[in-house]
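As provided, final_5.pdb (PDB, C-alpha atoms) reads as follows.
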MODEL        1
ATOM      1  CA  PRO A  77       0.000   0.000   0.000
ATOM      2  CA  ARG A  78       1.029   3.601  -0.629
ATOM      3  CA  PRO A  79       2.288   5.437   2.422
ATOM      4  CA  VAL A  80      -0.437   7.761   3.674
ATOM      5  CA  ARG A  81       1.019  11.206   3.962
ATOM      6  CA  LEU A  82      -1.090  14.030   5.173
ATOM      7  CA  GLY A  83       0.238  17.358   4.213
ATOM      8  CA  GLY A  84      -0.143  19.048   0.872
ATOM      9  CA  GLY A  85       2.117  18.651  -2.028
ATOM     10  CA  ARG A  86       2.107  16.593  -5.135
ATOM     11  CA  ARG A  87       2.473  13.161  -3.610
ATOM     12  CA  GLY A  88       0.289  13.415  -0.522
ATOM     13  CA  ARG A  89      -3.044  11.679  -0.166
ATOM     14  CA  VAL A  90      -4.413  15.150   0.523
ATOM     15  CA  ASP A  91      -3.901  18.034  -1.891
ATOM     16  CA  PRO A  92      -2.723  21.507  -0.774
ATOM     17  CA  TYR A  93      -6.345  22.653  -0.371
ATOM     18  CA  GLY A  94      -7.318  19.829   1.962
ATOM     19  CA  PHE A  95      -9.071  17.552  -0.563
ATOM     20  CA  GLU A  96      -8.367  13.843  -0.286
ATOM     21  CA  ARG A  97      -7.223  12.364  -3.544
ATOM     22  CA  PRO A  98      -9.363   9.552  -4.951
ATOM     23  CA  ASP A  99      -8.074   5.972  -4.841
ATOM     24  CA  ASP A 100      -7.560   5.905  -8.592
ATOM     25  CA  PHE A 101      -5.603   9.187  -8.605
ATOM     26  CA  ASP A 102      -2.858   9.070 -11.232
ATOM     27  CA  TYR A 103       0.127  10.272  -9.226
ATOM     28  CA  ALA A 104       2.642   9.706 -12.050
ATOM     29  CA  SER A 105       0.991  11.877 -14.668
ATOM     30  CA  TYR A 106       0.111  14.510 -12.071
ATOM     31  CA  GLU A 107       3.743  14.599 -10.961
ATOM     32  CA  ALA A 108       4.844  15.084 -14.584
ATOM     33  CA  PHE A 109       2.338  17.901 -15.085
ATOM     34  CA  PHE A 110       3.131  19.582 -11.790
ATOM     35  CA  SER A 111       6.880  19.720 -12.300
ATOM     36  CA  ARG A 112       6.240  21.568 -15.584
ATOM     37  CA  TYR A 113       3.592  23.782 -14.022
ATOM     38  CA  LEU A 114       5.891  24.702 -11.143
ATOM     39  CA  VAL A 115       8.176  26.434 -13.656
ATOM     40  CA  VAL A 116       5.209  28.470 -14.917
ATOM     41  CA  LEU A 117       4.110  29.313 -11.366
ATOM     42  CA  THR A 118       7.574  30.513 -10.418
ATOM     43  CA  ARG A 119       7.796  32.727 -13.508
ATOM     44  CA  ARG A 120       4.324  34.178 -12.922
ATOM     45  CA  ALA A 121       5.038  34.819  -9.226
ATOM     46  CA  ILE A 122       8.030  36.998 -10.165
ATOM     47  CA  LYS A 123       5.948  38.940 -12.717
ATOM     48  CA  TRP A 124       3.156  39.519 -10.195
ATOM     49  CA  SER A 125       5.586  40.712  -7.522
ATOM     50  CA  LYS A 126       6.901  43.314  -9.963
ATOM     51  CA  LEU A 127       3.363  44.329 -10.901
ATOM     52  CA  LEU A 128       2.157  44.726  -7.310
ATOM     53  CA  LYS A 129       5.429  46.188  -5.954
ATOM     54  CA  GLY A 130       4.321  45.330  -2.421
ATOM     55  CA  LYS A 131       1.160  47.434  -2.750
ATOM     56  CA  ASN A 132      -2.297  46.083  -2.014
ATOM     57  CA  SER A 133      -3.906  47.697  -5.024
ATOM     58  CA  ILE A 134      -4.181  47.211  -8.747
ATOM     59  CA  GLN A 135      -5.888  49.023 -11.630
ATOM     60  CA  LYS A 136      -7.824  47.144 -14.295
ATOM     61  CA  SER A 137      -5.882  47.220 -17.572
ATOM     62  CA  LEU A 138      -5.124  45.054 -20.594
ATOM     63  CA  LYS A 139      -1.878  44.017 -18.938
ATOM     64  CA  VAL A 140      -3.666  42.951 -15.756
ATOM     65  CA  LYS A 141      -6.269  41.065 -17.803
ATOM     66  CA  ARG A 142      -3.461  39.240 -19.626
ATOM     67  CA  TYR A 143      -1.723  38.454 -16.317
ATOM     68  CA  ILE A 144      -4.970  37.123 -14.844
ATOM     69  CA  ARG A 145      -5.551  34.843 -17.833
ATOM     70  CA  LYS A 146      -2.126  33.351 -17.172
ATOM     71  CA  GLY A 147      -3.093  32.678 -13.564
ATOM     72  CA  ILE A 148      -2.932  34.562 -10.276
ATOM     73  CA  PRO A 149      -0.352  33.164  -7.837
ATOM     74  CA  ASN A 150      -2.144  31.657  -4.856
ATOM     75  CA  GLU A 151      -0.620  34.096  -2.376
ATOM     76  CA  HIS A 152      -2.205  37.028  -4.267
ATOM     77  CA  ARG A 153      -5.417  35.304  -5.337
ATOM     78  CA  ALA A 154      -7.725  36.548  -2.554
ATOM     79  CA  LEU A 155      -6.514  40.134  -2.920
ATOM     80  CA  ILE A 156      -6.891  40.235  -6.709
ATOM     81  CA  TRP A 157     -10.315  38.545  -6.660
ATOM     82  CA  MET A 158     -11.467  41.097  -4.080
ATOM     83  CA  ILE A 159     -10.261  44.060  -6.135
ATOM     84  CA  VAL A 160     -11.303  43.089  -9.658
ATOM     85  CA  SER A 161     -14.749  41.801  -8.623
ATOM     86  CA  GLY A 162     -15.660  45.002  -6.799
ATOM     87  CA  ALA A 163     -15.979  43.082  -3.509
ATOM     88  CA  GLN A 164     -13.196  45.112  -1.876
ATOM     89  CA  THR A 165     -14.957  48.423  -2.603
ATOM     90  CA  ASN A 166     -18.261  47.076  -1.276
ATOM     91  CA  MET A 167     -16.634  45.793   1.877
ATOM     92  CA  GLU A 168     -14.888  49.110   2.529
ATOM     93  CA  GLN A 169     -18.079  51.065   1.907
ATOM     94  CA  ASN A 170     -20.064  48.901   4.344
ATOM     95  CA  PRO A 171     -17.924  48.531   7.474
ATOM     96  CA  GLY A 172     -19.456  46.285  10.122
ATOM     97  CA  TYR A 173     -22.317  45.255   7.833
ATOM     98  CA  TYR A 174     -21.331  41.569   7.737
ATOM     99  CA  HIS A 175     -21.173  41.290  11.520
ATOM    100  CA  ARG A 176     -24.499  43.079  11.914
ATOM    101  CA  LEU A 177     -26.085  40.455   9.639
ATOM    102  CA  LEU A 178     -24.743  37.701  11.873
ATOM    103  CA  GLU A 179     -25.981  39.380  15.029
ATOM    104  CA  GLY A 180     -29.433  40.234  13.665
ATOM    105  CA  GLU A 181     -32.717  38.318  13.668
ATOM    106  CA  LYS A 182     -32.559  34.984  11.832
ATOM    107  CA  ASN A 183     -34.998  33.220   9.569
ATOM    108  CA  ASP A 184     -35.349  29.738  11.086
ATOM    109  CA  LYS A 185     -36.207  27.996   7.827
ATOM    110  CA  LEU A 186     -33.127  29.425   6.135
ATOM    111  CA  VAL A 187     -30.879  28.473   9.039
ATOM    112  CA  GLU A 188     -32.271  24.932   9.008
ATOM    113  CA  ALA A 189     -31.687  24.511   5.259
ATOM    114  CA  ILE A 190     -28.074  25.647   5.640
ATOM    115  CA  LYS A 191     -27.456  23.363   8.636
ATOM    116  CA  THR A 192     -28.764  20.391   6.660
ATOM    117  CA  ASP A 193     -26.157  20.943   3.968
ATOM    118  CA  MET A 194     -23.169  21.398   6.267
ATOM    119  CA  ASN A 195     -22.053  17.754   6.337
ATOM    120  CA  ARG A 196     -22.749  17.394   2.635
ATOM    121  CA  THR A 197     -20.268  20.110   1.777
ATOM    122  CA  PHE A 198     -16.913  18.657   0.747
ATOM    123  CA  PRO A 199     -16.981  15.424   2.758
ATOM    124  CA  ASP A 200     -13.654  14.711   1.015
ATOM    125  CA  ASN A 201     -11.974  17.816   2.449
ATOM    126  CA  ILE A 202     -10.227  17.385   5.801
ATOM    127  CA  LYS A 203     -10.629  21.085   6.671
ATOM    128  CA  PHE A 204     -14.426  20.790   6.568
ATOM    129  CA  ARG A 205     -14.593  17.760   8.869
ATOM    130  CA  ARG A 206     -16.220  18.255  12.237
ATOM    131  CA  THR A 207     -13.032  16.945  13.801
ATOM    132  CA  ALA A 208     -10.843  19.567  12.083
ATOM    133  CA  ASP A 209      -9.396  22.398  14.126
ATOM    134  CA  PRO A 210     -10.297  25.018  13.117
ATOM    135  CA  CYS A 211     -13.348  23.450  11.465
ATOM    136  CA  LEU A 212     -14.336  25.413   8.373
ATOM    137  CA  GLN A 213     -17.957  24.260   8.685
ATOM    138  CA  HIS A 214     -18.518  27.012  11.214
ATOM    139  CA  THR A 215     -17.079  29.673   8.903
ATOM    140  CA  LEU A 216     -19.135  28.320   6.002
ATOM    141  CA  TYR A 217     -22.293  28.380   8.102
ATOM    142  CA  ASN A 218     -21.712  32.040   9.030
ATOM    143  CA  VAL A 219     -21.056  33.131   5.456
ATOM    144  CA  LEU A 220     -24.180  31.392   4.120
ATOM    145  CA  VAL A 221     -26.454  32.599   6.936
ATOM    146  CA  ALA A 222     -25.219  36.173   6.507
ATOM    147  CA  TYR A 223     -25.680  35.997   2.741
ATOM    148  CA  GLY A 224     -29.191  34.543   3.011
ATOM    149  CA  HIS A 225     -30.239  37.500   5.176
ATOM    150  CA  HIS A 226     -28.391  40.006   2.987
ATOM    151  CA  ASN A 227     -30.048  38.789  -0.227
ATOM    152  CA  LYS A 228     -33.520  37.669   0.812
ATOM    153  CA  ALA A 229     -34.653  37.140  -2.782
ATOM    154  CA  VAL A 230     -32.097  34.332  -3.086
ATOM    155  CA  GLY A 231     -31.889  33.121   0.506
ATOM    156  CA  TYR A 232     -30.031  29.856   0.218
ATOM    157  CA  CYS A 233     -29.936  27.205  -2.450
ATOM    158  CA  GLN A 234     -27.773  24.142  -2.983
ATOM    159  CA  GLY A 235     -24.620  24.918  -4.894
ATOM    160  CA  MET A 236     -23.963  28.090  -2.929
ATOM    161  CA  ASN A 237     -22.396  25.978  -0.154
ATOM    162  CA  PHE A 238     -19.712  24.683  -2.545
ATOM    163  CA  ILE A 239     -18.950  28.113  -3.945
ATOM    164  CA  ALA A 240     -18.709  29.686  -0.491
ATOM    165  CA  GLY A 241     -16.531  26.749   0.603
ATOM    166  CA  TYR A 242     -14.006  27.400  -2.171
ATOM    167  CA  LEU A 243     -13.976  31.109  -1.375
ATOM    168  CA  ILE A 244     -13.189  30.311   2.265
ATOM    169  CA  LEU A 245     -10.361  27.938   1.282
ATOM    170  CA  ILE A 246      -8.742  30.681  -0.800
ATOM    171  CA  THR A 247      -9.374  33.830   1.244
ATOM    172  CA  LYS A 248      -9.128  32.163   4.674
ATOM    173  CA  ASN A 249     -11.321  35.107   5.658
ATOM    174  CA  GLU A 250     -15.015  35.000   6.526
ATOM    175  CA  GLU A 251     -15.942  38.559   5.640
ATOM    176  CA  GLU A 252     -14.034  38.547   2.339
ATOM    177  CA  SER A 253     -15.742  35.282   1.390
ATOM    178  CA  PHE A 254     -19.116  36.900   2.062
ATOM    179  CA  TRP A 255     -18.366  39.865  -0.223
ATOM    180  CA  LEU A 256     -16.973  37.633  -2.970
ATOM    181  CA  LEU A 257     -20.099  35.470  -2.781
ATOM    182  CA  ASP A 258     -22.086  38.683  -3.141
ATOM    183  CA  ALA A 259     -20.042  39.647  -6.222
ATOM    184  CA  LEU A 260     -20.691  36.266  -7.826
ATOM    185  CA  ILE A 261     -24.372  35.854  -7.009
ATOM    186  CA  GLY A 262     -25.345  39.510  -7.137
ATOM    187  CA  ARG A 263     -23.436  40.622 -10.215
ATOM    188  CA  ILE A 264     -21.388  38.045 -12.097
ATOM    189  CA  LEU A 265     -23.962  35.247 -12.380
ATOM    190  CA  PRO A 266     -27.228  36.845 -13.408
ATOM    191  CA  ASP A 267     -30.153  35.257 -11.574
ATOM    192  CA  TYR A 268     -28.674  31.753 -11.162
ATOM    193  CA  TYR A 269     -29.761  31.104  -7.598
ATOM    194  CA  SER A 270     -33.117  32.836  -7.306
ATOM    195  CA  PRO A 271     -36.010  30.433  -6.667
ATOM    196  CA  ALA A 272     -37.044  30.347 -10.348
ATOM    197  CA  MET A 273     -33.378  30.019 -11.439
ATOM    198  CA  MET A 274     -34.260  31.924 -14.586
ATOM    199  CA  GLY A 275     -30.715  33.049 -15.298
ATOM    200  CA  LEU A 276     -29.393  29.526 -14.965
ATOM    201  CA  LYS A 277     -32.070  28.078 -17.247
ATOM    202  CA  THR A 278     -31.424  30.849 -19.746
ATOM    203  CA  ASP A 279     -27.675  30.309 -19.816
ATOM    204  CA  GLN A 280     -28.044  26.556 -20.375
ATOM    205  CA  GLU A 281     -30.173  27.366 -23.432
ATOM    206  CA  VAL A 282     -27.622  29.966 -24.528
ATOM    207  CA  LEU A 283     -24.926  27.287 -24.398
ATOM    208  CA  GLY A 284     -27.159  25.086 -26.559
ATOM    209  CA  GLU A 285     -27.426  27.882 -29.131
ATOM    210  CA  LEU A 286     -23.663  28.481 -29.061
ATOM    211  CA  VAL A 287     -23.037  24.753 -29.607
ATOM    212  CA  LYS A 288     -25.382  24.909 -32.621
ATOM    213  CA  LEU A 289     -23.192  27.676 -34.028
ATOM    214  CA  LYS A 290     -19.783  26.303 -33.114
ATOM    215  CA  VAL A 291     -20.137  22.505 -32.828
ATOM    216  CA  PRO A 292     -23.282  21.755 -34.861
ATOM    217  CA  ALA A 293     -22.742  17.976 -34.999
ATOM    218  CA  VAL A 294     -22.957  17.711 -31.203
ATOM    219  CA  ALA A 295     -26.079  19.921 -31.115
ATOM    220  CA  GLU A 296     -27.629  17.659 -33.723
ATOM    221  CA  LEU A 297     -26.785  14.522 -31.703
ATOM    222  CA  MET A 298     -28.376  16.006 -28.573
ATOM    223  CA  GLU A 299     -31.519  16.889 -30.477
ATOM    224  CA  ARG A 300     -31.759  13.530 -32.183
ATOM    225  CA  HIS A 301     -31.679  11.679 -28.843
ATOM    226  CA  GLY A 302     -33.801  14.228 -27.000
ATOM    227  CA  VAL A 303     -31.130  15.069 -24.429
ATOM    228  CA  MET A 304     -31.800  18.432 -22.826
ATOM    229  CA  TRP A 305     -28.750  20.548 -22.093
ATOM    230  CA  THR A 306     -29.767  20.972 -18.477
ATOM    231  CA  LEU A 307     -29.189  17.250 -17.879
ATOM    232  CA  VAL A 308     -25.533  17.355 -18.842
ATOM    233  CA  VAL A 309     -24.365  20.855 -17.955
ATOM    234  CA  SER A 310     -26.483  22.215 -15.082
ATOM    235  CA  ARG A 311     -23.809  21.400 -12.493
ATOM    236  CA  TRP A 312     -21.161  23.138 -14.614
ATOM    237  CA  PHE A 313     -23.123  26.358 -14.184
ATOM    238  CA  ILE A 314     -24.475  25.913 -10.645
ATOM    239  CA  CYS A 315     -21.174  24.819  -9.098
ATOM    240  CA  LEU A 316     -18.901  26.779 -11.445
ATOM    241  CA  PHE A 317     -17.028  23.552 -12.236
ATOM    242  CA  ILE A 318     -16.379  22.627  -8.567
ATOM    243  CA  ASP A 319     -16.170  18.830  -8.185
ATOM    244  CA  ILE A 320     -16.276  18.609 -11.960
ATOM    245  CA  LEU A 321     -12.832  19.846 -12.955
ATOM    246  CA  PRO A 322      -9.605  19.592 -10.897
ATOM    247  CA  VAL A 323      -9.218  22.199  -8.133
ATOM    248  CA  GLU A 324      -6.285  24.004  -9.745
ATOM    249  CA  THR A 325      -8.192  24.282 -13.034
ATOM    250  CA  VAL A 326     -11.320  25.592 -11.278
ATOM    251  CA  LEU A 327      -9.266  28.294  -9.554
ATOM    252  CA  ARG A 328      -7.721  29.353 -12.856
ATOM    253  CA  ILE A 329     -11.218  29.594 -14.371
ATOM    254  CA  TRP A 330     -12.394  31.670 -11.392
ATOM    255  CA  ASP A 331      -9.421  34.046 -11.810
ATOM    256  CA  CYS A 332     -10.913  35.002 -15.187
ATOM    257  CA  LEU A 333     -14.522  34.791 -14.012
ATOM    258  CA  PHE A 334     -13.982  37.518 -11.410
ATOM    259  CA  TYR A 335     -12.308  39.779 -13.978
ATOM    260  CA  GLU A 336     -14.195  39.045 -17.196
ATOM    261  CA  GLY A 337     -17.575  37.839 -16.007
ATOM    262  CA  SER A 338     -19.883  34.973 -16.891
ATOM    263  CA  LYS A 339     -18.842  34.545 -20.499
ATOM    264  CA  ILE A 340     -15.847  32.568 -19.206
ATOM    265  CA  ILE A 341     -18.270  29.765 -18.285
ATOM    266  CA  PHE A 342     -19.338  29.522 -21.933
ATOM    267  CA  ARG A 343     -15.715  29.514 -23.081
ATOM    268  CA  VAL A 344     -14.907  26.600 -20.773
ATOM    269  CA  ALA A 345     -18.043  24.640 -21.714
ATOM    270  CA  LEU A 346     -17.502  25.146 -25.451
ATOM    271  CA  THR A 347     -13.852  24.130 -25.179
ATOM    272  CA  LEU A 348     -14.734  20.904 -23.355
ATOM    273  CA  ILE A 349     -17.345  20.055 -25.982
ATOM    274  CA  LYS A 350     -15.337  21.099 -29.040
ATOM    275  CA  GLN A 351     -12.142  19.392 -27.915
ATOM    276  CA  HIS A 352     -13.998  16.095 -27.375
ATOM    277  CA  GLN A 353     -16.377  16.369 -30.318
ATOM    278  CA  ALA A 354     -15.324  13.054 -31.937
ATOM    279  CA  PHE A 355     -15.587  11.253 -28.596
ATOM    280  CA  ILE A 356     -19.071  12.652 -27.858
ATOM    281  CA  LEU A 357     -20.252  11.727 -31.348
ATOM    282  CA  GLU A 358     -19.462   8.056 -30.679
ATOM    283  CA  ALA A 359     -22.510   8.019 -28.380
ATOM    284  CA  THR A 360     -25.431   6.048 -29.753
ATOM    285  CA  ASN A 361     -28.116   6.558 -27.121
ATOM    286  CA  PHE A 362     -29.361   8.783 -24.292
ATOM    287  CA  PRO A 363     -27.423   7.284 -21.320
ATOM    288  CA  ASP A 364     -24.350   7.045 -23.521
ATOM    289  CA  ILE A 365     -24.422  10.797 -24.198
ATOM    290  CA  CYS A 366     -24.790  11.586 -20.489
ATOM    291  CA  ASP A 367     -21.832   9.330 -19.739
ATOM    292  CA  LYS A 368     -19.652  10.987 -22.398
ATOM    293  CA  PHE A 369     -20.323  14.376 -20.820
ATOM    294  CA  LYS A 370     -19.057  13.000 -17.490
ATOM    295  CA  GLN A 371     -15.931  11.611 -19.150
ATOM    296  CA  ILE A 372     -14.903  14.808 -20.930
ATOM    297  CA  THR A 373     -14.314  16.585 -17.616
ATOM    298  CA  LYS A 374     -11.617  14.081 -16.594
ATOM    299  CA  GLY A 375      -8.100  13.286 -17.753
ATOM    300  CA  THR A 376      -4.948  15.145 -18.721
ATOM    301  CA  PHE A 377      -6.651  17.744 -20.942
ATOM    302  CA  VAL A 378      -8.358  19.331 -17.923
ATOM    303  CA  THR A 379      -5.583  18.628 -15.414
ATOM    304  CA  GLU A 380      -3.022  20.566 -17.454
ATOM    305  CA  CYS A 381      -4.639  23.810 -16.348
ATOM    306  CA  HIS A 382      -2.161  26.171 -18.033
ATOM    307  CA  THR A 383      -2.627  24.795 -21.547
ATOM    308  CA  PHE A 384      -6.333  24.305 -20.871
ATOM    309  CA  MET A 385      -6.691  28.022 -20.072
ATOM    310  CA  GLN A 386      -4.857  28.952 -23.263
ATOM    311  CA  LYS A 387      -7.298  26.709 -25.129
ATOM    312  CA  ILE A 388     -10.448  28.355 -23.751
ATOM    313  CA  PHE A 389      -9.392  31.649 -25.351
ATOM    314  CA  THR A 390      -8.599  30.143 -28.766
ATOM    315  CA  GLU A 391     -10.720  27.004 -29.253
ATOM    316  CA  PRO A 392     -14.234  28.552 -29.136
ATOM    317  CA  GLY A 393     -13.202  31.468 -31.397
ATOM    318  CA  THR A 394     -14.695  34.909 -30.915
ATOM    319  CA  LEU A 395     -17.369  35.194 -28.280
ATOM    320  CA  SER A 396     -18.523  38.713 -27.552
ATOM    321  CA  MET A 397     -20.677  39.812 -24.681
ATOM    322  CA  THR A 398     -23.005  41.345 -27.298
ATOM    323  CA  THR A 399     -23.627  37.878 -28.794
ATOM    324  CA  ILE A 400     -24.281  36.411 -25.348
ATOM    325  CA  ASP A 401     -26.627  39.243 -24.354
ATOM    326  CA  LYS A 402     -28.645  38.833 -27.568
ATOM    327  CA  LEU A 403     -28.900  35.078 -27.080
ATOM    328  CA  ARG A 404     -29.859  35.564 -23.444
ATOM    329  CA  GLU A 405     -32.688  37.819 -24.491
ATOM    330  CA  THR A 406     -34.135  35.397 -27.056
ATOM    331  CA  CYS A 407     -33.668  32.315 -24.840
ATOM    332  CA  ARG A 408     -35.221  34.066 -21.875
ATOM    333  CA  GLU A 409     -38.265  35.105 -23.900
ATOM    334  CA  LYS A 410     -38.645  31.566 -25.219
ATOM    335  CA  LEU A 411     -38.513  30.140 -21.657
ATOM    336  CA  LEU A 412     -41.012  32.676 -20.359
ATOM    337  CA  SER A 413     -43.459  31.932 -23.157
ATOM    338  CA  GLN A 414     -43.229  28.203 -22.341
ATOM    339  CA  GLY A 415     -43.635  29.010 -18.605
TER
ENDMDL
END
Would you write the structure of this file as structure tokens?
Amino acid sequence: PRPVRLGGGRRGRVDPYGFERPDDFDYASYEAFFSRYLVVLTRRAIKWSKLLKGKNSIQKSLKVKRYIRKGIPNEHRALIWMIVSGAQTNMEQNPGYYHRLLEGEKNDKLVEAIKTDMNRTFPDNIKFRRTADPCLQHTLYNVLVAYGHHNKAVGYCQGMNFIAGYLILITKNEEESFWLLDALIGRILPDYYSPAMMGLKTDQEVLGELVKLKVPAVAELMERHGVMWTLVVSRWFICLFIDILPVETVLRIWDCLFYEGSKIIFRVALTLIKQHQAFILEATNFPDICDKFKQITKGTFVTECHTFMQKIFTEPGTLSMTTIDKLRETCREKLLSQG
């Protein structure tokens, strides 16, 4: 048996973020990838140090956008996410607001729903275990309860626990996680978590339309077998690729998501589909298609996060916000008329 080593790193049974590696984890290919990626990380860290010059501020610019696409070093990630998402400004303009939410009156139903999901959030992460010290479940609970009372229209819905959990792992700060969650749910992801989930439903249809334009054979296959997009991609949108793609890759996607907004999700989805077009087209029936969509989120293509991120900006071709907005409008109207 392999020696069980707790402690992060490439070889440990637990990754640097606290996630236990699955039994079938391919240590050899990960090792090969990571030694190459380490070179990239070192080079980027030097560039970022020069850019920040020890200051805790940054201005949005083409250079910064380019730097972010190439990945934010983990030690600067929380800071940069906070600044580029607008969360930092909101936090500074509302001092004490987060703590007032925690001290205020609570909605029992909301609190109960959040409590129910606590043990279901990252059971494979040692930092979220009840036995952990400090146990991040408590932090997660606070962030979700505060957010549910801050945004009553949304309250709490499944999926938010995973997103808040990732934010906590990166920021290691309760209040910052709250404001980043607010940036995502309030601004970056239009109407994904409201009870009707209209924004989420719309964006799944938008992806379907984009696939028609960019990978028509796959769209045709889906239609022929009556597979609705929501069946194969809803978790991509709701969980922003958490538990679907490797942690490092998810964080690289989020780097761009906070800076460039929701169109990054379409870039990632289209790249996964386009890159594996031949593989998906081998499917001959409904369950087969669903299985293929699970398979395309695994393997070296998605683990090699640096090349994967280069791919998402080339593979799907041009994708303007104007196109997405137009598609959102038509898809939304179509959904409302079906209502």
On this structure, which residues satisfy the PyMOL selection byres ((chain A and resi 268) around 12), written as a ChimeraX atom specification?
-> /A:229-230,232-236,260-267,269-280,310-316,338
If I take atom CA of His352 of chain A and atom CA of Pro98 of chain A, how far is one from the other in Å, to one decimal?
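Rounded to one decimal, the two atoms are 23.8 Å apart.
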Practice problem: Apply the PyMOL selection byres ((chain A and resi 290-293) around 12) to the structure shown and report the selected residues as a PyMOL selection string. | Solution: chain A and resi 283-289+294-300+342-343+345-359+391-395
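Across A:Trp330, A:Trp157, A:Tyr103, A:Tyr113, the tightest approach to Leu256 of chain A is made by A:Trp157 when counting all atoms listed in the file.
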Any idea what the distance is between atom CA of Phe362 of chain A and atom CA of His301 of chain A?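 Pair atom CA of Phe362 of chain A / atom CA of His301 of chain A returns 5.9 Å.
Remark: for Thr325 of chain A, the closest of the candidate residues A:Asn183, A:Arg145, A:Arg196, A:Phe238 is A:Arg145 (distances computed over all atoms listed in the file).
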Problem set entry | Residues selected by the PyMOL selection byres ((chain A and resi 149) around 9), written as number ranges by chain | A: 117-118, 120-121, 124, 147-148, 150-153
For C-alpha atoms, I'd like the residues from the last selection saved as a compact mmCIF listing (two decimals), in the coordinates of the input.
# COMPACT_ATOMS: atom_id res chain seq x y z
CA LEU A 117 4.11 29.31 -11.37
CA THR A 118 7.57 30.51 -10.42
CA ARG A 120 4.32 34.18 -12.92
CA ALA A 121 5.04 34.82 -9.23
CA TRP A 124 3.16 39.52 -10.20
CA GLY A 147 -3.09 32.68 -13.56
CA ILE A 148 -2.93 34.56 -10.28
CA ASN A 150 -2.14 31.66 -4.86
CA GLU A 151 -0.62 34.10 -2.38
CA HIS A 152 -2.20 37.03 -4.27
CA ARG A 153 -5.42 35.30 -5.34
Selection near Leu216 of chain A, 10 Å with all atoms listed in the file, sequence-local residues under 6 positions removed, as a list in words: Ile190, Met194, Thr197, Phe204, Ala222, Asn237, Phe238, Ile239, Ala240, Gly241, Tyr242, Leu243, Ile244, Leu245, Glu250, Ser253 and Phe254 of chain A
What is the atom CA of Val282 of chain A-atom CA of Cys407 of chain A distance in Å, reported with one decimal?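 So the answer is 6.5 Å.
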Identify which of the residues A:Val303, A:Asp184, A:Val323, A:Arg328 lies closest to Pro363 of chain A, counting all atoms listed in the file when measuring atom-to-atom distances.
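Smallest distance to Pro363 of chain A is found for A:Val303.
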Of A:Val344, A:Val187, A:Ala208, A:Met158, the one nearest to Leu257 of chain A when counting only C-alpha atoms is A:Met158
Would you compute the box with edges along x, y and z of the file around segment 198-215 of chain A, including every atom the file lists for it and 4 Å extra on each side, and give its centre and edge lengths in Å to one decimal, as lines of an AutoDock Vina configuration file?
center_x = -14.0
center_y = 22.2
center_z = 7.4
size_x = 17.1
size_y = 23.0
size_z = 21.4
